[in-house]
Amino acid sequence: DGGITQSPKYLFRKEGQNVTLSCEQNLNHDAMYWYRQDPGQGLRLIYYSQIVNDFQKGDIAEGYSVSREKKESFPLTVTSAQKNPTAFYLCASRLGGWDGNTEAFFGQGTRLTVV
Amino acid sequence: QQQVKQSPQSLIVQKGGISIINCAYENTAFDYFPWYQQFPGKGPALLIAIRPDVSEKKEGRFTISFNKSAKQFSLHIMDSQPGDSATYFCAAVYLLTGNQFYFGTGTSLTVIP
């Protein structure tokens, strides 16, 4: 059953700690994305990757880091430099390319709370 | 700078009524406009999408109306049902790069029985 899986669903972090959010897809999609969702602000792009070993900063990349060592995996690390990390984080993937399937599939999200 | 502006922020509709959500964009290079539906605690899911070469697309009770000259598009939900209560996001994509979906700020729809 193909899909995109985020884990964990809920995550608590102490201030000053780094934490890594997992995102795995078995859809054979080239492109993967990380979004942050805050009430009233919609979805804001943190990082995206169009191919393995390549990724680009989105609109709010400061305090975050990513890696794309495998096609199916795109983990996001929230570092201690992120001033306000409490949010709902969404990972998405799509087939990629301008002539192909343009639908983006989203995971179920990870709710991160700093305590 | 908000690439896609969405309104209203929240909407309350009686069961059986029509829900209308509006979006406006600036970049005329956008050529794919999807709408996503999100239930609480879940990720968004594609509801319906349109390319700018058509003015309207209908799928069941959901219709997108697209006005290229005005750079506006809207989602109409006919015969709204309580199960439609969710947050709706419009988005705009430039397919040539396809690397960023520019999302609106979302509309929280509540359908009252």
# chains A, B, ... in the order shown; residues from 1 in each chain; ligands from 1
call {"tool": "closest_atom_pairs", "arguments": {"of": "chain A", "to": "chain B", "cutoff": "9 Å", "atoms": "only C-alpha atoms", "output": "JSON lines"}}
result
{"residue": "A:Ala31", "atom": "CA", "partner": "B:Asn99", "partner_atom": "CA", "distance": 7.6}
{"residue": "A:Met32", "atom": "CA", "partner": "B:Asn99", "partner_atom": "CA", "distance": 8.9}
{"residue": "A:Tyr33", "atom": "CA", "partner": "B:Gln100", "partner_atom": "CA", "distance": 8.5}
{"residue": "A:Pro39", "atom": "CA", "partner": "B:Thr105", "partner_atom": "CA", "distance": 8.8}
{"residue": "A:Gly40", "atom": "CA", "partner": "B:Thr105", "partner_atom": "CA", "distance": 6.1}
{"residue": "A:Gln41", "atom": "CA", "partner": "B:Thr105", "partner_atom": "CA", "distance": 5.0}
{"residue": "A:Gly42", "atom": "CA", "partner": "B:Thr105", "partner_atom": "CA", "distance": 3.9}
{"residue": "A:Leu43", "atom": "CA", "partner": "B:Phe103", "partner_atom": "CA", "distance": 6.1}
{"residue": "A:Arg44", "atom": "CA", "partner": "B:Phe103", "partner_atom": "CA", "distance": 7.6}
{"residue": "A:Leu45", "atom": "CA", "partner": "B:Gln100", "partner_atom": "CA", "distance": 7.8}
{"residue": "A:Tyr48", "atom": "CA", "partner": "B:Asn99", "partner_atom": "CA", "distance": 7.3}
{"residue": "A:Ser49", "atom": "CA", "partner": "B:Asn99", "partner_atom": "CA", "distance": 8.1}
{"residue": "A:Gln50", "atom": "CA", "partner": "B:Asn99", "partner_atom": "CA", "distance": 7.1}
{"residue": "A:Gly58", "atom": "CA", "partner": "B:Gln100", "partner_atom": "CA", "distance": 8.4}
{"residue": "A:Phe88", "atom": "CA", "partner": "B:Gly41", "partner_atom": "CA", "distance": 8.7}
{"residue": "A:Leu90", "atom": "CA", "partner": "B:Gly43", "partner_atom": "CA", "distance": 6.8}
{"residue": "A:Cys91", "atom": "CA", "partner": "B:Gly43", "partner_atom": "CA", "distance": 8.5}
{"residue": "A:Ala92", "atom": "CA", "partner": "B:Gly43", "partner_atom": "CA", "distance": 8.9}
{"residue": "A:Gly96", "atom": "CA", "partner": "B:Gly98", "partner_atom": "CA", "distance": 6.9}
{"residue": "A:Gly97", "atom": "CA", "partner": "B:Gly98", "partner_atom": "CA", "distance": 6.6}
{"residue": "A:Trp98", "atom": "CA", "partner": "B:Leu95", "partner_atom": "CA", "distance": 4.7}
{"residue": "A:Asp99", "atom": "CA", "partner": "B:Leu95", "partner_atom": "CA", "distance": 7.7}
{"residue": "A:Thr102", "atom": "CA", "partner": "B:Gly98", "partner_atom": "CA", "distance": 7.7}
{"residue": "A:Glu103", "atom": "CA", "partner": "B:Leu46", "partner_atom": "CA", "distance": 7.1}
{"residue": "A:Ala104", "atom": "CA", "partner": "B:Leu46", "partner_atom": "CA", "distance": 7.5}
{"residue": "A:Phe105", "atom": "CA", "partner": "B:Ala45", "partner_atom": "CA", "distance": 6.8}
{"residue": "A:Phe106", "atom": "CA", "partner": "B:Gly43", "partner_atom": "CA", "distance": 5.5}
{"residue": "A:Gly107", "atom": "CA", "partner": "B:Gly43", "partner_atom": "CA", "distance": 5.5}
{"residue": "A:Gln108", "atom": "CA", "partner": "B:Gly43", "partner_atom": "CA", "distance": 4.4}
{"residue": "A:Gly109", "atom": "CA", "partner": "B:Gly43", "partner_atom": "CA", "distance": 5.8}
{"residue": "A:Thr110", "atom": "CA", "partner": "B:Gly41", "partner_atom": "CA", "distance": 8.9}
{"residue": "A:Arg111", "atom": "CA", "partner": "B:Gly41", "partner_atom": "CA", "distance": 8.5}
call {"tool": "residues_around", "arguments": {"residues": "A:Cys23", "least_positions_apart": "2", "cutoff": "7 Å", "atoms": "only C-alpha atoms", "output": "number ranges by chain"}}
result
A: 5-7, 21, 25, 73-75, 91
call {"tool": "select_by_dssp", "arguments": {"residues": "stretch 49-113 of chain B", "states": "strand (DSSP E or B)", "output": "VMD selection string"}}
result
chain B and resid 49 to 50 56 to 59 62 to 67 72 to 77 86 to 93 101 to 103 107 to 112
call {"tool": "atom_distance", "arguments": {"atom1": "atom CA of B:Phe39", "atom2": "atom CA of A:Leu112"}}
result
18.0 Å
call {"tool": "atom_distance", "arguments": {"atom1": "atom CA of A:Thr20", "atom2": "atom CA of A:Val114"}}
result
13.2 Å
call {"tool": "closest_residue", "arguments": {"among": "B:Asn67, B:Asn22, B:Gln37, B:Thr110", "to": "B:Gln81", "atoms": "only C-alpha atoms"}}
result
B:Thr110
call {"tool": "decode", "arguments": {"residues": "stretch 85-98 of chain B", "atoms": "N, CA and C atoms", "output": "CSV table (one decimal), in the first residue's frame"}}
result
chain,number,residue,atom,x,y,z
B,85,SER,N,-17.0,19.7,6.8
B,85,SER,CA,-16.4,20.6,7.8
B,85,SER,C,-14.9,20.2,7.9
B,86,ALA,N,-14.1,21.2,7.5
B,86,ALA,CA,-12.6,21.0,7.4
B,86,ALA,C,-12.0,22.3,7.1
B,87,THR,N,-10.7,22.3,7.0
B,87,THR,CA,-9.9,23.4,6.5
B,87,THR,C,-9.6,23.2,5.0
B,88,TYR,N,-9.8,24.2,4.2
B,88,TYR,CA,-9.5,24.2,2.8
B,88,TYR,C,-8.4,25.1,2.4
B,89,PHE,N,-7.5,24.6,1.6
B,89,PHE,CA,-6.3,25.4,1.2
B,89,PHE,C,-6.3,25.5,-0.3
B,90,CYS,N,-6.2,26.7,-0.9
B,90,CYS,CA,-5.9,26.8,-2.3
B,90,CYS,C,-4.4,26.8,-2.5
B,91,ALA,N,-3.9,26.6,-3.7
B,91,ALA,CA,-2.5,26.6,-3.9
B,91,ALA,C,-2.3,27.0,-5.4
B,92,ALA,N,-1.1,27.5,-5.7
B,92,ALA,CA,-0.7,27.8,-7.1
B,92,ALA,C,0.7,27.2,-7.3
B,93,VAL,N,0.9,26.7,-8.5
B,93,VAL,CA,2.1,26.0,-8.8
B,93,VAL,C,2.6,26.5,-10.2
B,94,TYR,N,3.9,26.6,-10.3
B,94,TYR,CA,4.5,26.9,-11.6
B,94,TYR,C,5.1,25.6,-12.1
B,95,LEU,N,4.4,25.0,-13.0
B,95,LEU,CA,4.7,23.6,-13.4
B,95,LEU,C,6.1,23.4,-14.0
B,96,LEU,N,6.7,24.5,-14.6
B,96,LEU,CA,8.0,24.3,-15.3
B,96,LEU,C,9.0,23.9,-14.2
B,97,THR,N,8.9,24.5,-13.1
B,97,THR,CA,9.8,24.0,-12.0
B,97,THR,C,9.1,23.1,-11.0
B,98,GLY,N,7.8,23.3,-10.8
B,98,GLY,CA,7.0,22.5,-9.9
B,98,GLY,C,7.6,22.2,-8.6
